[in-house]
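So this one's model-v1.cif, mmCIF, C-alpha atoms and all ligand atoms:
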data_structure
loop_
_atom_site.label_atom_id
_atom_site.label_comp_id
_atom_site.auth_asym_id
_atom_site.auth_seq_id
_atom_site.Cartn_x
_atom_site.Cartn_y
_atom_site.Cartn_z
CA MET Z 55 -29.87 0.84 76.11
CA PRO Z 56 -31.56 4.01 74.65
CA VAL Z 57 -35.21 3.50 73.75
CA THR Z 58 -36.20 4.89 70.34
CA GLN Z 59 -39.69 5.68 69.11
CA ALA Z 60 -40.35 2.97 66.53
CA ARG Z 61 -43.71 3.97 65.06
CA GLU Z 62 -45.12 7.23 63.85
CA ILE Z 63 -47.76 8.88 66.07
CA ALA Z 64 -50.74 9.68 63.84
CA PRO Z 65 -53.12 12.54 64.71
CA ALA Z 66 -56.82 11.76 65.21
CA VAL Z 67 -58.55 11.07 61.89
CA ARG Z 68 -61.29 13.64 62.60
CA LEU Z 69 -58.66 16.41 62.42
CA GLU Z 70 -58.54 15.90 58.66
CA LYS Z 71 -61.64 18.12 58.55
CA VAL Z 72 -59.99 20.95 60.50
CA ARG Z 73 -58.97 23.80 58.23
CA TYR Z 74 -57.78 27.21 59.31
CA ALA Z 75 -56.80 28.86 56.07
CA ILE Z 76 -55.89 32.15 57.75
CA ARG Z 77 -52.94 30.62 59.57
CA ASP Z 78 -52.30 27.75 57.13
CA LEU Z 79 -50.94 30.26 54.58
CA ALA Z 80 -48.20 31.08 57.06
CA SER Z 81 -45.87 28.45 55.60
CA VAL Z 82 -45.95 30.15 52.16
CA ALA Z 83 -45.31 33.50 53.83
CA ASP Z 84 -42.37 32.04 55.81
CA GLU Z 85 -40.83 30.79 52.58
CA VAL Z 86 -41.11 34.30 51.04
CA ALA Z 87 -39.86 36.02 54.20
CA LYS Z 88 -36.79 33.73 54.27
CA GLN Z 89 -35.90 35.07 50.82
CA GLY Z 90 -35.72 38.51 52.44
CA HIS Z 91 -39.04 39.97 51.25
CA LYS Z 92 -41.30 42.04 53.49
CA ILE Z 93 -44.87 40.73 53.49
CA LEU Z 94 -47.83 43.14 53.44
CA PRO Z 95 -50.19 41.35 55.82
CA LEU Z 96 -53.82 41.85 54.80
CA ASN Z 97 -54.76 38.51 56.30
CA ILE Z 98 -55.07 38.60 60.08
CA GLY Z 99 -57.76 40.49 61.96
CA ASP Z 100 -55.52 41.75 64.76
CA PRO Z 101 -55.78 45.56 65.10
CA ILE Z 102 -52.71 45.68 67.36
CA THR Z 103 -50.51 44.64 64.44
CA PHE Z 104 -51.45 47.99 62.85
CA ASP Z 105 -51.96 51.56 64.12
CA PHE Z 106 -54.50 50.71 66.84
CA GLN Z 107 -53.74 50.58 70.57
CA THR Z 108 -55.52 49.02 73.51
CA PRO Z 109 -57.14 51.90 75.48
CA PRO Z 110 -54.77 52.83 78.36
CA HIS Z 111 -57.49 52.73 81.05
CA LEU Z 112 -58.01 49.02 80.29
CA ILE Z 113 -54.28 48.34 80.62
CA GLU Z 114 -54.21 50.25 83.90
CA ALA Z 115 -57.12 48.15 85.27
CA VAL Z 116 -55.33 44.88 84.49
CA TYR Z 117 -52.05 46.16 85.94
CA GLN Z 118 -53.86 47.26 89.08
CA ALA Z 119 -55.59 43.87 89.37
CA MET Z 120 -52.22 42.10 89.19
CA ARG Z 121 -50.79 44.42 91.84
CA ASP Z 122 -53.88 43.78 93.98
CA GLY Z 123 -53.07 40.08 93.95
CA LYS Z 124 -55.77 38.90 91.51
CA ASN Z 125 -53.32 36.30 90.28
CA GLY Z 126 -54.93 33.10 91.52
CA TYR Z 127 -57.73 31.15 89.84
CA ALA Z 128 -60.96 33.08 89.27
CA PRO Z 129 -64.47 31.64 89.71
CA SER Z 130 -65.29 29.39 86.73
CA SER Z 131 -67.99 31.72 85.34
CA GLY Z 132 -65.85 34.80 85.90
CA VAL Z 133 -65.39 37.52 88.53
CA ASN Z 134 -68.53 39.10 89.86
CA GLU Z 135 -67.89 42.76 88.96
CA ALA Z 136 -67.21 41.74 85.33
CA LEU Z 137 -70.31 39.54 85.17
CA LEU Z 138 -72.43 42.44 86.44
CA ALA Z 139 -70.91 44.75 83.83
CA ILE Z 140 -71.74 42.24 81.08
CA ARG Z 141 -75.33 42.03 82.36
CA GLY Z 142 -75.43 45.86 82.15
CA GLU Z 143 -74.17 45.66 78.58
CA ALA Z 144 -76.83 43.04 77.77
CA ALA Z 145 -79.49 45.44 79.06
CA ARG Z 146 -78.11 48.24 76.85
CA LYS Z 147 -78.30 45.83 73.90
CA GLY Z 148 -82.01 45.35 74.71
CA ILE Z 149 -81.61 41.77 75.96
CA THR Z 150 -84.28 41.40 78.63
CA THR Z 151 -84.36 37.68 79.41
CA VAL Z 152 -80.77 36.99 80.54
CA GLN Z 153 -80.49 33.61 82.26
CA ASP Z 154 -76.73 33.32 82.66
CA VAL Z 155 -73.46 35.09 81.84
CA PHE Z 156 -69.99 33.55 81.70
CA ILE Z 157 -66.45 34.68 80.85
CA THR Z 158 -64.09 32.60 78.74
CA THR Z 159 -60.63 32.56 77.19
CA GLY Z 160 -61.72 34.58 74.17
CA VAL Z 161 -64.91 34.01 72.20
CA SER Z 162 -63.00 31.04 70.78
CA GLU Z 163 -63.51 29.21 74.07
CA THR Z 164 -67.15 30.34 74.38
CA VAL Z 165 -67.78 28.74 70.99
CA ASP Z 166 -65.95 25.55 71.94
CA ILE Z 167 -67.82 25.17 75.24
CA CYS Z 168 -71.27 26.12 73.91
CA LEU Z 169 -71.08 23.77 70.92
CA THR Z 170 -69.60 20.92 72.96
CA ALA Z 171 -72.34 21.27 75.58
CA LEU Z 172 -75.09 21.01 72.94
CA LEU Z 173 -74.21 18.49 70.27
CA ASN Z 174 -74.51 14.70 70.30
CA PRO Z 175 -73.14 12.40 67.57
CA GLY Z 176 -75.51 12.59 64.61
CA ASP Z 177 -76.75 16.10 65.48
CA ASN Z 178 -76.00 19.01 63.21
CA LEU Z 179 -75.60 22.76 63.51
CA LEU Z 180 -76.33 25.32 60.80
CA THR Z 181 -73.26 27.46 60.15
CA PRO Z 182 -72.85 30.26 57.60
CA CYS Z 183 -71.00 29.74 54.32
CA PRO Z 184 -68.65 31.57 54.00
CA ASP Z 185 -67.88 31.22 57.70
CA TYR Z 186 -65.28 32.12 60.28
CA PRO Z 187 -63.34 28.82 60.31
CA LEU Z 188 -63.40 28.38 64.09
CA TYR Z 189 -66.91 26.95 63.86
CA SER Z 190 -66.08 24.21 61.39
CA ALA Z 191 -62.88 23.42 63.35
CA VAL Z 192 -64.82 22.92 66.59
CA LEU Z 193 -67.42 20.81 64.78
CA ALA Z 194 -64.66 18.67 63.26
CA LYS Z 195 -63.20 18.18 66.73
CA LEU Z 196 -66.60 16.99 67.92
CA ASP Z 197 -66.93 14.74 64.86
CA ILE Z 198 -70.08 16.59 63.77
CA GLY Z 199 -70.64 17.01 60.02
CA LEU Z 200 -71.02 20.47 58.51
CA ASN Z 201 -74.51 21.75 57.68
CA ALA Z 202 -73.62 25.05 56.07
CA TYR Z 203 -76.20 27.57 54.84
CA TYR Z 204 -75.29 30.12 52.21
CA LEU Z 205 -74.99 33.86 52.58
CA ASN Z 206 -76.38 35.62 49.50
CA GLU Z 207 -73.86 37.83 47.76
CA GLU Z 208 -76.64 39.34 45.56
CA ASP Z 209 -78.49 40.32 48.73
CA GLY Z 210 -75.54 42.09 50.40
CA TRP Z 211 -74.43 38.79 51.98
CA GLN Z 212 -77.62 38.41 54.06
CA PRO Z 213 -78.33 34.79 55.09
CA ASP Z 214 -80.20 32.81 52.42
CA LEU Z 215 -83.41 32.05 54.34
CA GLU Z 216 -84.70 29.53 51.82
CA ASP Z 217 -81.42 27.62 52.03
CA ILE Z 218 -81.67 27.60 55.83
CA LYS Z 219 -85.21 26.20 55.63
CA ARG Z 220 -84.11 23.49 53.21
CA LYS Z 221 -81.24 22.42 55.45
CA ILE Z 222 -83.09 22.08 58.76
CA THR Z 223 -83.36 18.38 59.64
CA PRO Z 224 -84.87 16.63 62.68
CA ARG Z 225 -81.32 16.50 64.10
CA THR Z 226 -80.57 20.23 63.64
CA ARG Z 227 -79.94 21.65 67.12
CA GLY Z 228 -78.96 25.22 66.43
CA ILE Z 229 -77.87 27.96 64.06
CA VAL Z 230 -74.84 30.26 64.08
CA LEU Z 231 -75.25 33.86 62.94
CA ILE Z 232 -72.14 36.06 62.77
CA ASN Z 233 -73.27 39.69 62.82
CA PRO Z 234 -71.40 41.85 61.79
CA ASN Z 235 -69.98 39.11 59.66
CA ASN Z 236 -66.47 37.79 59.18
CA PRO Z 237 -65.46 37.44 56.30
CA THR Z 238 -68.05 39.55 54.41
CA GLY Z 239 -68.48 42.62 56.67
CA SER Z 240 -72.26 42.43 56.25
CA VAL Z 241 -74.71 43.45 58.97
CA ALA Z 242 -77.97 41.50 59.27
CA THR Z 243 -81.24 43.42 58.92
CA ARG Z 244 -83.81 43.37 61.73
CA LYS Z 245 -86.23 41.62 59.39
CA MET Z 246 -83.66 38.86 58.77
CA LEU Z 247 -83.11 38.44 62.51
CA GLU Z 248 -86.87 38.15 63.04
CA GLN Z 249 -87.19 35.55 60.31
CA ILE Z 250 -84.32 33.45 61.70
CA ALA Z 251 -85.82 33.74 65.21
CA GLU Z 252 -89.12 32.47 63.86
CA LEU Z 253 -87.42 29.42 62.35
CA ALA Z 254 -85.60 28.78 65.65
CA ARG Z 255 -88.94 28.94 67.54
CA HIS Z 256 -90.58 26.58 65.13
CA HIS Z 257 -87.75 24.00 65.09
CA ASN Z 258 -86.57 24.33 68.70
CA LEU Z 259 -83.09 25.60 67.74
CA VAL Z 260 -80.51 27.37 69.90
CA ILE Z 261 -79.21 30.53 68.22
CA PHE Z 262 -75.51 31.31 68.59
CA ALA Z 263 -75.30 35.04 67.93
CA ASP Z 264 -71.63 35.90 67.39
CA GLU Z 265 -71.67 39.67 67.92
CA ILE Z 266 -67.97 40.15 68.68
CA TYR Z 267 -67.87 43.12 66.21
CA ASP Z 268 -71.11 44.80 67.37
CA LYS Z 269 -69.50 48.17 68.17
CA LEU Z 270 -67.63 48.30 64.86
CA ILE Z 271 -70.50 49.35 62.62
CA ILE Z 272 -68.73 51.57 60.12
CA ASP Z 273 -71.55 53.87 59.02
CA ASP Z 274 -73.14 54.25 62.44
CA ASP Z 275 -76.37 52.51 61.56
CA PRO Z 276 -77.69 50.68 64.63
CA HIS Z 277 -76.65 47.15 65.48
CA VAL Z 278 -79.65 45.02 66.42
CA ALA Z 279 -78.91 42.18 68.83
CA MET Z 280 -80.51 38.87 67.90
CA ALA Z 281 -81.41 38.20 71.56
CA ALA Z 282 -83.28 41.52 71.71
CA VAL Z 283 -85.61 40.60 68.86
CA ALA Z 284 -86.06 37.03 70.18
CA PRO Z 285 -86.42 37.29 73.97
CA ASP Z 286 -88.24 33.95 74.21
CA VAL Z 287 -85.79 31.94 72.06
CA PRO Z 288 -82.65 30.30 73.54
CA VAL Z 289 -79.84 32.59 72.34
CA ILE Z 290 -76.20 32.65 73.38
CA THR Z 291 -74.74 36.04 72.47
CA PHE Z 292 -70.96 36.08 72.09
CA GLY Z 293 -68.92 39.20 72.87
CA GLY Z 294 -65.45 40.08 74.09
CA LEU Z 295 -62.51 42.46 74.34
CA SER Z 296 -60.58 41.28 71.26
CA LYS Z 297 -62.13 43.51 68.62
CA ASN Z 298 -64.35 46.25 70.13
CA TYR Z 299 -61.74 46.96 72.81
CA LEU Z 300 -58.57 46.21 70.86
CA ALA Z 301 -57.16 43.59 73.24
CA PRO Z 302 -57.10 40.29 71.32
CA GLY Z 303 -54.03 38.99 73.16
CA TRP Z 304 -55.75 39.11 76.52
CA ARG Z 305 -58.08 36.32 75.43
CA ILE Z 306 -61.24 37.61 77.09
CA GLY Z 307 -64.64 36.67 75.69
CA TRP Z 308 -68.05 36.01 77.11
CA GLY Z 309 -71.42 34.41 76.52
CA ILE Z 310 -74.80 35.90 77.46
CA ALA Z 311 -77.49 33.21 77.63
CA SER Z 312 -81.05 34.44 77.19
CA GLY Z 313 -84.48 33.04 76.44
CA GLU Z 314 -87.37 31.48 78.25
CA ALA Z 315 -85.94 30.20 81.58
CA SER Z 316 -87.22 26.63 81.84
CA GLY Z 317 -86.32 25.76 78.24
CA ILE Z 318 -82.68 26.81 78.40
CA LYS Z 319 -81.86 25.74 81.99
CA PRO Z 320 -80.77 22.11 81.39
CA TYR Z 321 -78.48 23.19 78.55
CA LEU Z 322 -76.90 25.87 80.73
CA GLU Z 323 -76.15 23.25 83.39
CA GLY Z 324 -74.11 21.45 80.72
CA VAL Z 325 -72.32 24.68 79.79
CA ASN Z 326 -71.46 25.33 83.45
CA LYS Z 327 -70.15 21.80 83.90
CA LEU Z 328 -67.65 22.45 81.09
CA LEU Z 329 -66.81 25.90 82.49
CA ARG Z 330 -65.94 24.29 85.84
CA SER Z 331 -63.89 21.52 84.25
CA ARG Z 332 -61.47 24.02 82.66
CA LEU Z 333 -61.16 26.01 85.92
CA CYS Z 334 -61.42 29.63 84.71
CA ALA Z 335 -60.55 32.28 82.13
CA ASN Z 336 -57.52 34.57 82.56
CA HIS Z 337 -58.02 36.26 85.89
CA PRO Z 338 -56.42 39.75 85.98
CA GLU Z 339 -57.62 40.57 82.45
CA GLN Z 340 -61.23 40.15 83.59
CA TYR Z 341 -60.82 43.38 85.58
CA ALA Z 342 -60.68 45.28 82.29
CA ILE Z 343 -64.25 44.26 81.43
CA LYS Z 344 -66.08 46.69 83.73
CA VAL Z 345 -63.92 49.68 82.77
CA ALA Z 346 -64.21 48.72 79.10
CA LEU Z 347 -68.00 48.45 79.07
CA GLU Z 348 -68.74 51.30 81.50
CA GLY Z 349 -65.79 53.66 80.95
CA PRO Z 350 -65.00 56.11 78.12
CA GLN Z 351 -65.72 54.81 74.62
CA ASP Z 352 -63.66 57.50 72.84
CA HIS Z 353 -61.37 55.00 71.13
CA LEU Z 354 -64.35 53.76 69.09
CA LEU Z 355 -64.73 57.13 67.33
CA GLU Z 356 -61.12 56.98 66.19
CA VAL Z 357 -61.31 53.30 65.23
CA LYS Z 358 -64.46 53.86 63.17
CA ARG Z 359 -63.00 56.94 61.48
CA LYS Z 360 -60.01 54.88 60.35
CA LEU Z 361 -62.17 51.94 59.30
CA ARG Z 362 -64.48 54.18 57.26
CA SER Z 363 -61.58 55.77 55.38
CA ARG Z 364 -59.89 52.36 54.77
CA ARG Z 365 -63.13 50.70 53.75
CA ASP Z 366 -63.83 53.52 51.26
CA LEU Z 367 -60.32 53.24 49.82
CA THR Z 368 -60.83 49.48 49.45
CA MET Z 369 -64.16 49.96 47.67
CA GLU Z 370 -62.69 52.55 45.29
CA TRP Z 371 -59.95 50.10 44.36
CA CYS Z 372 -62.45 47.26 43.86
CA ALA Z 373 -64.63 49.46 41.65
CA GLU Z 374 -61.78 50.45 39.34
CA THR Z 375 -60.02 47.07 39.15
CA PRO Z 376 -60.90 44.62 36.37
CA ARG Z 377 -61.85 41.08 37.52
CA VAL Z 378 -62.73 42.30 41.04
CA SER Z 379 -66.12 43.32 42.45
CA CYS Z 380 -67.19 43.72 46.05
CA VAL Z 381 -70.27 44.21 48.22
CA ALA Z 382 -69.45 47.16 50.51
CA PRO Z 383 -68.75 46.00 54.07
CA ARG Z 384 -70.83 47.76 56.74
CA GLY Z 385 -69.23 46.38 59.87
CA ALA Z 386 -66.02 44.79 61.23
CA PHE Z 387 -62.84 45.22 59.13
CA TYR Z 388 -63.13 42.70 56.34
CA ALA Z 389 -63.97 42.94 52.64
CA TYR Z 390 -64.75 39.85 50.59
CA PRO Z 391 -64.36 40.69 46.88
CA SER Z 392 -65.44 38.30 44.18
CA LEU Z 393 -62.80 37.29 41.61
CA ASP Z 394 -63.31 36.59 37.93
CA ILE Z 395 -60.22 34.46 37.16
CA PRO Z 396 -59.59 31.22 35.25
CA GLU Z 397 -57.96 29.37 38.19
CA GLY Z 398 -58.71 28.60 41.82
CA ASP Z 399 -58.65 31.40 44.38
CA ASP Z 400 -56.21 29.30 46.45
CA VAL Z 401 -53.70 29.45 43.55
CA PHE Z 402 -54.35 33.19 43.19
CA VAL Z 403 -53.58 33.81 46.85
CA THR Z 404 -50.48 31.60 47.00
CA GLU Z 405 -48.98 33.13 43.85
CA LEU Z 406 -49.83 36.64 45.08
CA ILE Z 407 -47.75 36.02 48.20
CA ARG Z 408 -44.89 34.50 46.20
CA GLN Z 409 -44.78 37.17 43.50
CA LYS Z 410 -45.98 40.38 45.16
CA TYR Z 411 -45.56 39.58 48.88
CA VAL Z 412 -49.15 40.56 49.69
CA MET Z 413 -51.06 38.22 51.95
CA VAL Z 414 -54.84 37.83 51.69
CA VAL Z 415 -56.95 34.70 52.33
CA HIS Z 416 -58.67 32.65 49.62
CA GLY Z 417 -62.46 32.34 49.60
CA SER Z 418 -62.23 28.55 49.41
CA GLY Z 419 -60.71 28.71 52.91
CA PHE Z 420 -63.99 30.11 54.24
CA GLY Z 421 -66.37 28.15 52.00
CA GLN Z 422 -68.32 29.69 49.12
CA ARG Z 423 -70.98 28.78 46.58
CA PRO Z 424 -69.64 26.31 43.98
CA GLY Z 425 -68.28 28.11 40.92
CA THR Z 426 -67.60 31.38 42.77
CA LYS Z 427 -64.16 32.71 43.75
CA HIS Z 428 -63.28 35.28 46.38
CA PHE Z 429 -60.55 36.55 48.63
CA ARG Z 430 -60.73 38.20 52.02
CA ILE Z 431 -59.01 41.49 52.69
CA VAL Z 432 -58.39 42.76 56.22
CA PHE Z 433 -58.46 46.54 55.75
CA LEU Z 434 -56.88 47.39 59.11
CA PRO Z 435 -53.51 48.64 57.68
CA ASP Z 436 -53.06 52.39 57.17
CA GLU Z 437 -53.95 54.03 53.87
CA LYS Z 438 -50.35 54.06 52.61
CA THR Z 439 -49.90 50.33 53.18
CA LEU Z 440 -53.31 49.54 51.68
CA THR Z 441 -52.53 51.66 48.61
CA SER Z 442 -49.26 49.79 47.95
CA ALA Z 443 -50.94 46.43 48.57
CA TYR Z 444 -53.81 47.23 46.16
CA SER Z 445 -51.41 48.51 43.54
CA ALA Z 446 -49.44 45.24 43.80
CA ILE Z 447 -52.62 43.12 43.56
CA GLY Z 448 -53.72 45.18 40.52
CA ASP Z 449 -50.33 44.56 38.82
CA PHE Z 450 -50.55 40.87 39.64
CA LEU Z 451 -54.04 40.56 38.11
CA ARG Z 452 -52.94 42.36 34.95
CA GLU Z 453 -49.72 40.40 34.53
CA ARG Z 454 -51.19 36.98 35.30
CA TYR Z 455 -54.55 37.12 33.52
CA ARG Z 456 -54.01 39.85 30.84
C1 LIG Z 501 -66.54 36.07 64.05
C2 LIG Z 501 -65.47 35.79 65.06
N1 LIG Z 501 -65.80 35.12 66.17
C3 LIG Z 501 -64.87 34.83 67.11
C4 LIG Z 501 -63.55 35.22 66.95
C5 LIG Z 501 -62.54 34.83 68.01
O1 LIG Z 501 -62.46 35.84 68.95
P1 LIG Z 501 -61.57 35.76 70.26
O2 LIG Z 501 -60.32 36.54 70.03
O3 LIG Z 501 -62.43 36.43 71.33
O4 LIG Z 501 -61.31 34.33 70.58
C6 LIG Z 501 -63.17 35.93 65.81
C7 LIG Z 501 -61.76 36.33 65.60
O5 LIG Z 501 -61.35 36.79 64.56
C8 LIG Z 501 -64.16 36.22 64.84
O6 LIG Z 501 -63.87 36.89 63.72
#
Can the structure from this file be put into structure tokens for me?
Amino acid sequence: MPVTQAREIAPAVRLEKVRYAIRDLASVADEVAKQGHKILPLNIGDPITFDFQTPPHLIEAVYQAMRDGKNGYAPSSGVNEALLAIRGEAARKGITTVQDVFITTGVSETVDICLTALLNPGDNLLTPCPDYPLYSAVLAKLDIGLNAYYLNEEDGWQPDLEDIKRKITPRTRGIVLINPNNPTGSVATRKMLEQIAELARHHNLVIFADEIYDKLIIDDDPHVAMAAVAPDVPVITFGGLSKNYLAPGWRIGWGIASGEASGIKPYLEGVNKLLRSRLCANHPEQYAIKVALEGPQDHLLEVKRKLRSRRDLTMEWCAETPRVSCVAPRGAFYAYPSLDIPEGDDVFVTELIRQKYVMVVHGSGFGQRPGTKHFRIVFLPDEKTLTSAYSAIGDFLRERYR
């Protein structure tokens, strides 16, 4: 007799806190696409979807590694030549107290492993608001409540230091700083980094410095690495190939652990235990790391030229459009305009997809100060696509809100 599944299988209750607005909007987009409309995607930070290509010498290195038989499991921390190249990169970033380096399946896995290795039930971690939703998703998975600190729009989206101070509790174990920031495009000042480092020293916090966009500083002002201004503090610096090297599908990220050796050692043993338990990161792709970090960097000139032109176009549109205002992004490829509208930004975004087929992400999907409304633009598309998208958003604002 055939056996049928009698009862529904419910997902874990803690998943109710997992939100990933960027991909959750996909169902609305599918609905619109099924009606035969072409969506203008200003929502996903994948350069390869647009006119950017992975540098050929990286592709060649991976191809060569596959042909050379690097197709088995790799060491759990990563292959030696790549680890050495990352240590070289750390030195160029001014990080002098490196205690460990490890390669992961994208920065996404670095975040997962580093947070899991640190947090016990009842602990908390300071995360930025607005934030890149991966952090809150991993915390939800660990059943750890959110302790979000605000970024200050009036201060160019710098972290709100007073809010951070207010939110530190005896169970606060660390702080996340995304710099350059997703979704605001802000770049933290050296003074801000020093002040956050001082708080970390005082309260024994680990700093998670997500610097995945550190080579995408649009106006060429210097990027200051958190670990360079805080050599004594436990810092895990996140980096990878997804953004700076235009290879997000390869899923290669890394962590650089620095700080005073004896303090950070027990924690790093926990990190390595988790690294071993998941075997390794993608193997052949790791052979692109050395050529990426030590080879020609010419692609960055072209990428930054495009980003500068597209950022400027975005800012011109924001300046001339009623109900929209925006702090100019200085790094990465995101703008986070504020909206003056009489309804929620989630409704704005959903209706914009349905009526004008333009896809952006609502501010409430990233978190924002109560009473404020925003949306995130990915300004990776070419100027022609951006111009039609902005013209459609402008029409939508005029027609809907008069
Ligand atoms: C701030 C930030 N951190 C981490 C990631 C994830 O990067 P990866 O592709 O290396 O997993 C992203 C991706 O958009 C990001 O914006």
Segment 338-342 of chain Z surroundings by only C-alpha atoms, 12 Å radius, close-in-sequence under 2 positions cut, as a PDB file with C-alpha atoms, keeping the file's coordinate frame:
ATOM      1  CA  THR Z 108     -55.520  49.020  73.510  1.00  0.00           C
ATOM      2  CA  PRO Z 109     -57.140  51.900  75.480  1.00  0.00           C
ATOM      3  CA  PRO Z 110     -54.770  52.830  78.360  1.00  0.00           C
ATOM      4  CA  HIS Z 111     -57.490  52.730  81.050  1.00  0.00           C
ATOM      5  CA  LEU Z 112     -58.010  49.020  80.290  1.00  0.00           C
ATOM      6  CA  ILE Z 113     -54.280  48.340  80.620  1.00  0.00           C
ATOM      7  CA  GLU Z 114     -54.210  50.250  83.900  1.00  0.00           C
ATOM      8  CA  ALA Z 115     -57.120  48.150  85.270  1.00  0.00           C
ATOM      9  CA  VAL Z 116     -55.330  44.880  84.490  1.00  0.00           C
ATOM     10  CA  TYR Z 117     -52.050  46.160  85.940  1.00  0.00           C
ATOM     11  CA  GLN Z 118     -53.860  47.260  89.080  1.00  0.00           C
ATOM     12  CA  ALA Z 119     -55.590  43.870  89.370  1.00  0.00           C
ATOM     13  CA  MET Z 120     -52.220  42.100  89.190  1.00  0.00           C
ATOM     14  CA  ARG Z 121     -50.790  44.420  91.840  1.00  0.00           C
ATOM     15  CA  ASP Z 122     -53.880  43.780  93.980  1.00  0.00           C
ATOM     16  CA  GLY Z 123     -53.070  40.080  93.950  1.00  0.00           C
ATOM     17  CA  LYS Z 124     -55.770  38.900  91.510  1.00  0.00           C
ATOM     18  CA  ASN Z 125     -53.320  36.300  90.280  1.00  0.00           C
ATOM     19  CA  GLY Z 126     -54.930  33.100  91.520  1.00  0.00           C
ATOM     20  CA  TYR Z 127     -57.730  31.150  89.840  1.00  0.00           C
ATOM     21  CA  ALA Z 128     -60.960  33.080  89.270  1.00  0.00           C
ATOM     22  CA  PRO Z 129     -64.470  31.640  89.710  1.00  0.00           C
ATOM     23  CA  SER Z 130     -65.290  29.390  86.730  1.00  0.00           C
ATOM     24  CA  SER Z 131     -67.990  31.720  85.340  1.00  0.00           C
ATOM     25  CA  GLY Z 132     -65.850  34.800  85.900  1.00  0.00           C
ATOM     26  CA  VAL Z 133     -65.390  37.520  88.530  1.00  0.00           C
ATOM     27  CA  ASN Z 134     -68.530  39.100  89.860  1.00  0.00           C
ATOM     28  CA  GLU Z 135     -67.890  42.760  88.960  1.00  0.00           C
ATOM     29  CA  ALA Z 136     -67.210  41.740  85.330  1.00  0.00           C
ATOM     30  CA  LEU Z 137     -70.310  39.540  85.170  1.00  0.00           C
ATOM     31  CA  LEU Z 138     -72.430  42.440  86.440  1.00  0.00           C
ATOM     32  CA  ALA Z 139     -70.910  44.750  83.830  1.00  0.00           C
ATOM     33  CA  ILE Z 140     -71.740  42.240  81.080  1.00  0.00           C
ATOM     34  CA  PHE Z 156     -69.990  33.550  81.700  1.00  0.00           C
ATOM     35  CA  ILE Z 157     -66.450  34.680  80.850  1.00  0.00           C
ATOM     36  CA  THR Z 158     -64.090  32.600  78.740  1.00  0.00           C
ATOM     37  CA  THR Z 159     -60.630  32.560  77.190  1.00  0.00           C
ATOM     38  CA  GLY Z 160     -61.720  34.580  74.170  1.00  0.00           C
ATOM     39  CA  GLY Z 294     -65.450  40.080  74.090  1.00  0.00           C
ATOM     40  CA  LEU Z 295     -62.510  42.460  74.340  1.00  0.00           C
ATOM     41  CA  SER Z 296     -60.580  41.280  71.260  1.00  0.00           C
ATOM     42  CA  TYR Z 299     -61.740  46.960  72.810  1.00  0.00           C
ATOM     43  CA  LEU Z 300     -58.570  46.210  70.860  1.00  0.00           C
ATOM     44  CA  ALA Z 301     -57.160  43.590  73.240  1.00  0.00           C
ATOM     45  CA  PRO Z 302     -57.100  40.290  71.320  1.00  0.00           C
ATOM     46  CA  GLY Z 303     -54.030  38.990  73.160  1.00  0.00           C
ATOM     47  CA  TRP Z 304     -55.750  39.110  76.520  1.00  0.00           C
ATOM     48  CA  ARG Z 305     -58.080  36.320  75.430  1.00  0.00           C
ATOM     49  CA  ILE Z 306     -61.240  37.610  77.090  1.00  0.00           C
ATOM     50  CA  GLY Z 307     -64.640  36.670  75.690  1.00  0.00           C
ATOM     51  CA  TRP Z 308     -68.050  36.010  77.110  1.00  0.00           C
ATOM     52  CA  CYS Z 334     -61.420  29.630  84.710  1.00  0.00           C
ATOM     53  CA  ALA Z 335     -60.550  32.280  82.130  1.00  0.00           C
ATOM     54  CA  ASN Z 336     -57.520  34.570  82.560  1.00  0.00           C
ATOM     55  CA  LYS Z 344     -66.080  46.690  83.730  1.00  0.00           C
ATOM     56  CA  VAL Z 345     -63.920  49.680  82.770  1.00  0.00           C
ATOM     57  CA  ALA Z 346     -64.210  48.720  79.100  1.00  0.00           C
ATOM     58  CA  LEU Z 347     -68.000  48.450  79.070  1.00  0.00           C
ATOM     59  CA  GLU Z 348     -68.740  51.300  81.500  1.00  0.00           C
ATOM     60  CA  GLY Z 349     -65.790  53.660  80.950  1.00  0.00           C
TER      61      GLY Z 349
END
### Message
So, with all atoms listed in the file as the atoms that count, which of Z:Leu205, Z:Leu231, Z:Ala389, Z:Ala446 lies closest to Ile431 of chain Z?
### Response
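For Ile431 of chain Z, the nearest of the given residues is Z:Ala389.
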#### Entry: Contacts of Leu328 of chain Z at 9 Å (all atoms listed in the file; same-chain gap of 3+ positions) as a list of chain:residue names
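Returned residues: Z:Ile167, Z:Cys168, Z:Thr170, Z:Ala171, Z:Glu323, Z:Gly324, Z:Val325, Z:Ser331, Z:Arg332, Z:Leu333.
Going from atom CA of Ser190 of chain Z over to atom CA of Leu172 of chain Z, you cover 15.0 Å.
Our summary of the geometry notes that atom CA of Asp436 of chain Z is positioned 27.8 Å from atom CA of Ile395 of chain Z.
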### Query
Taking into account only C-alpha atoms, which residue in the set Z:Pro288, Z:Pro350, Z:Gly385, Z:Pro101 is nearest to Ile232 of chain Z?
Z:Gly385
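When atom CA of Asn206 of chain Z is paired with atom C7 of ligand LIG 501 (chain Z), their separation reads 21.8 Å.
Close contacts of Glu265 of chain Z, defined as residues with an atom at most 9 Å away when counting only C-alpha atoms, with chain neighbours fewer than 2 positions off set aside, comprise Leu231, Ile232, Asn233, Pro234, Asn235, Ala263, Tyr267, Asp268, Lys269, Ala279, Met280, Thr291, Phe292, Gly293 and Gly294 of chain Z.
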Could the centre and edge lengths of an axis-aligned box, enclosing all atoms of ligand LIG 501 (chain Z) in the file with 8 Å extra on each side, be given in Å to one decimal as lines of an AutoDock Vina configuration file?
center_x = -63.4
center_y = 35.6
center_z = 67.5
size_x = 22.2
size_y = 18.6
size_z = 23.6
